[in-house]
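Report on the following structure.
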Amino acid sequence: MNTNSAASGPSAPSAPSAPSVPSTASSRALAGIPVPDGRLAREATELVRDLTDDLIYHHSHRVYLFGAHHGLRHNLAFDPELLYVGALFHDLGLTEKFRTSQQRFELDGADEARAFLIARGIPEDRARLVWEGIALHTTPEIPHHMAPDVALVTAGVELDVLGIGYDTLPPETREAVVAAHPRPDFKRHILRAFHAGLAHRPQTTFGNVKADVLDRFEADYTRPNFVQIIEDSPWPA
């Protein structure tokens with residue numbers, strides 16, 4: 001992933017003042033970061049808690065908190081509830097529910113989140129933003145040039161998984177977030193989760209960063225080669 005994009009902030013449109021939690025949603029705060037606590041957020045939390053283990057559950061909350069902090073720091077206008085749902089659902093495709101899925105795991109979570117939101121009366125254009133944020137969260141650079149509700153999911157993921165922007169996060173904020181949502185031996189466990197979620201659908205790693213996971217952990221995995229695919233196509237020249 002782009003090692004500079006999150007640190008410098010998404011290129012999405014900015015607002016003249018810091019975003020606030022919509023008046024229709026209640027919220028609490030952690031380390032000064034608003035955490036949605038209305039009905040939509042509570043139902044999302046319950047669903048994700050039922051489907052995930054502690055690893056994905058706490059990781060997903062950190063993604064929200066780091067993404068929201070990034071948005072506030074860069075004065076981006078985003079909807080905390082949409083970002084919260086996007087962050088919580090972003091890795092659902094790695095869970096047992098999707099062990100037979102043959103599409104990219106990012107699409108599993110994106111589809112689930114959109115269905116969840118539409119069923120609760122969220123307009124399609126708003127649900128689409130959440131879908132895009134999840135579907136693109138492992139795609140380098142592109143999300144940072146989209147709407148903040150999309151870009152900030154990736155910013156949160158990049159900070160928690162790759163450490164991009166680690167030094168720009170105040171230590172007291174980082175410590176408060178990790179105290180609330182611990183990450184014991186996170187690097188090793190998240191790689192194992194990626195492997196478990198991808199091993200049955202290796203074809204979905206073509207052209208994306210998850211090919212590196214199977215290359216490391218699957219002895220018989222052969223990385224698809226874009227040049228070879230072009231050269232072996234049925235076209236005569």
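We name chains A, B, ... following the order of the structure tokens; residues begin at 1 in each chain, and ligands are numbered from 1 as shown.
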### Task
Please give the complete set of residues from region 7-153 of chain A that DSSP, run on the backbone, assigns to alpha helix (DSSP H), formatted as a ChimeraX atom specification.
/A:7-8,39-51,54-73,80-89,105-119,124-135,148-153
#### Entry: Neighbour list for region 88-103 of chain A as a list in words, cut-off 7 Å, only C-alpha atoms, skip fewer than 2 positions in-chain
Val48, Leu51, Thr52, Ile56, Ser60, His61, Tyr84, Val85, Gly86, Phe105, Glu106, Leu107, Asp108, Gly109, Ala110, Ala113, Ile134, Ala193, Phe194, Gly197, Arg201 and Thr204 of chain A
### Query
Given the choices A:Ala41, A:Val150, A:Val178, A:Leu65, which gets closest to Arg126 (chain A) if the distance is worked out from only C-alpha atoms?
A:Val150
### Message
From the options A:Arg174, A:His195, A:His70, A:Arg223, which residue's atoms come nearest to Pro148 (chain A), counting only C-alpha atoms?
### Response
A:His70
### Spatial neighbours of Arg183 (chain A), max dist 8 Å, only C-alpha atoms, sep filter under 5 positions, as a list in words
Leu55, His58, His59 and Val178 of chain A
#### Entry: Distance criterion (only C-alpha atoms): nearest to Gly207 (chain A) out of A:Leu83, A:Val227, A:Leu191, A:Leu129
A:Val227
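Between Gly67 (chain A) and the candidates A:Gly38, A:Gly165, A:Pro143, A:Gly156, the tightest atom-to-atom separation, counting only C-alpha atoms, involves A:Gly156.
Rounded to one decimal, CA of His144 (chain A) and CA of Asp212 (chain A) lie 22.4 Å from each other.
Going from CA of Gly32 (chain A) to CA of Asp167 (chain A) covers 18.3 Å.
Minimum atom-to-atom distance to His137 (chain A), evaluated using only C-alpha atoms, belongs to A:Ala155 out of A:Ala155, A:Asp79, A:Arg28, A:Arg188.
Interatomic distance, CA of Pro171 (chain A) to CA of Ala29 (chain A): 17.2 Å.
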List the neighbours of Ala211 (chain A) out to 12 Å using only C-alpha atoms; skip same-chain residues closer than 4 positions along the sequence, and give me the result as a CSV table (one decimal) with N, CA and C atoms, in the first residue's frame.
chain,number,residue,atom,x,y,z
A,104,ARG,N,-13.9,-12.0,-3.7
A,104,ARG,CA,-13.0,-11.3,-2.9
A,104,ARG,C,-13.6,-11.1,-1.5
A,138,THR,N,-8.3,-2.6,0.7
A,138,THR,CA,-7.0,-3.1,0.5
A,138,THR,C,-6.4,-2.7,-0.8
A,194,PHE,N,-6.0,-13.7,7.7
A,194,PHE,CA,-6.0,-13.5,6.3
A,194,PHE,C,-5.8,-14.9,5.5
A,195,HIS,N,-4.9,-15.7,6.0
A,195,HIS,CA,-4.6,-17.0,5.4
A,195,HIS,C,-5.9,-17.9,5.4
A,198,LEU,N,-8.5,-16.8,3.0
A,198,LEU,CA,-8.2,-16.7,1.6
A,198,LEU,C,-7.8,-18.1,1.0
A,199,ALA,N,-7.4,-19.0,1.8
A,199,ALA,CA,-6.9,-20.3,1.3
A,199,ALA,C,-7.8,-21.0,0.4
A,201,ARG,N,-10.0,-19.6,-1.7
A,201,ARG,CA,-10.3,-18.8,-2.9
A,201,ARG,C,-9.0,-18.1,-3.4
A,202,PRO,N,-8.0,-18.8,-3.7
A,202,PRO,CA,-6.7,-18.2,-4.1
A,202,PRO,C,-6.8,-17.3,-5.3
A,203,GLN,N,-7.8,-17.6,-6.2
A,203,GLN,CA,-7.9,-16.8,-7.4
A,203,GLN,C,-8.3,-15.4,-7.1
A,204,THR,N,-8.8,-15.1,-6.0
A,204,THR,CA,-9.3,-13.8,-5.7
A,204,THR,C,-8.1,-12.9,-5.2
A,205,THR,N,-6.9,-13.4,-5.1
A,205,THR,CA,-5.8,-12.6,-4.7
A,205,THR,C,-5.0,-12.0,-5.9
A,206,PHE,N,-5.5,-12.4,-7.1
A,206,PHE,CA,-4.8,-11.8,-8.3
A,206,PHE,C,-4.9,-10.3,-8.3
A,207,GLY,N,-3.8,-9.7,-8.5
A,207,GLY,CA,-3.7,-8.2,-8.6
A,207,GLY,C,-3.9,-7.5,-7.3
A,215,ASP,N,1.4,-16.5,-0.8
A,215,ASP,CA,2.8,-16.8,-1.2
A,215,ASP,C,3.6,-17.2,0.0
A,216,ARG,N,3.3,-16.6,1.2
A,216,ARG,CA,4.1,-16.9,2.4
A,216,ARG,C,3.6,-18.2,3.1
A,217,PHE,N,2.3,-18.5,3.1
A,217,PHE,CA,1.8,-19.5,3.9
A,217,PHE,C,1.3,-20.8,3.2
A,218,GLU,N,1.2,-20.7,1.8
A,218,GLU,CA,0.7,-21.9,1.0
A,218,GLU,C,1.9,-22.4,0.2
A,221,TYR,N,1.2,-22.6,-3.6
A,221,TYR,CA,0.5,-21.5,-4.3
A,221,TYR,C,1.4,-20.9,-5.4
A,222,THR,N,0.9,-20.7,-6.5
A,222,THR,CA,1.6,-20.1,-7.6
A,222,THR,C,0.9,-18.7,-7.9
A,223,ARG,N,1.7,-17.7,-7.7
A,223,ARG,CA,1.2,-16.3,-7.9
A,223,ARG,C,0.9,-16.1,-9.4
A,224,PRO,N,-0.4,-15.7,-9.7
A,224,PRO,CA,-0.7,-15.4,-11.1
A,224,PRO,C,0.2,-14.3,-11.7
A,225,ASN,N,0.6,-14.4,-12.9
A,225,ASN,CA,1.5,-13.4,-13.5
A,225,ASN,C,0.8,-12.7,-14.6
### Task
List every residue of region 5-235 of chain A that DSSP, applied to the backbone of this structure, places in strand (DSSP E or B), and write the result as number ranges by chain.
A: 14, 27-30, 33-36, 76
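Among the candidates A:Ala179, A:Lys210, A:Ala77, A:Pro123, the one nearest to Thr139 (chain A) when counting only C-alpha atoms is A:Lys210.
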### Task
Tell me, as a list in words, which residues lie within 12 Å of Leu169 (chain A), counting only C-alpha atoms; anything in the same chain fewer than 4 positions away does not count.
Ala6, Ala7, Ala31, Leu65, Phe66, Gly67, Ala68, His69, His70, Leu72, Arg73, Gly156, Leu159, Asp160, Gly163, Ile164, Gly165, Thr173, Arg174, Glu175, Ala176 and Val177 of chain A
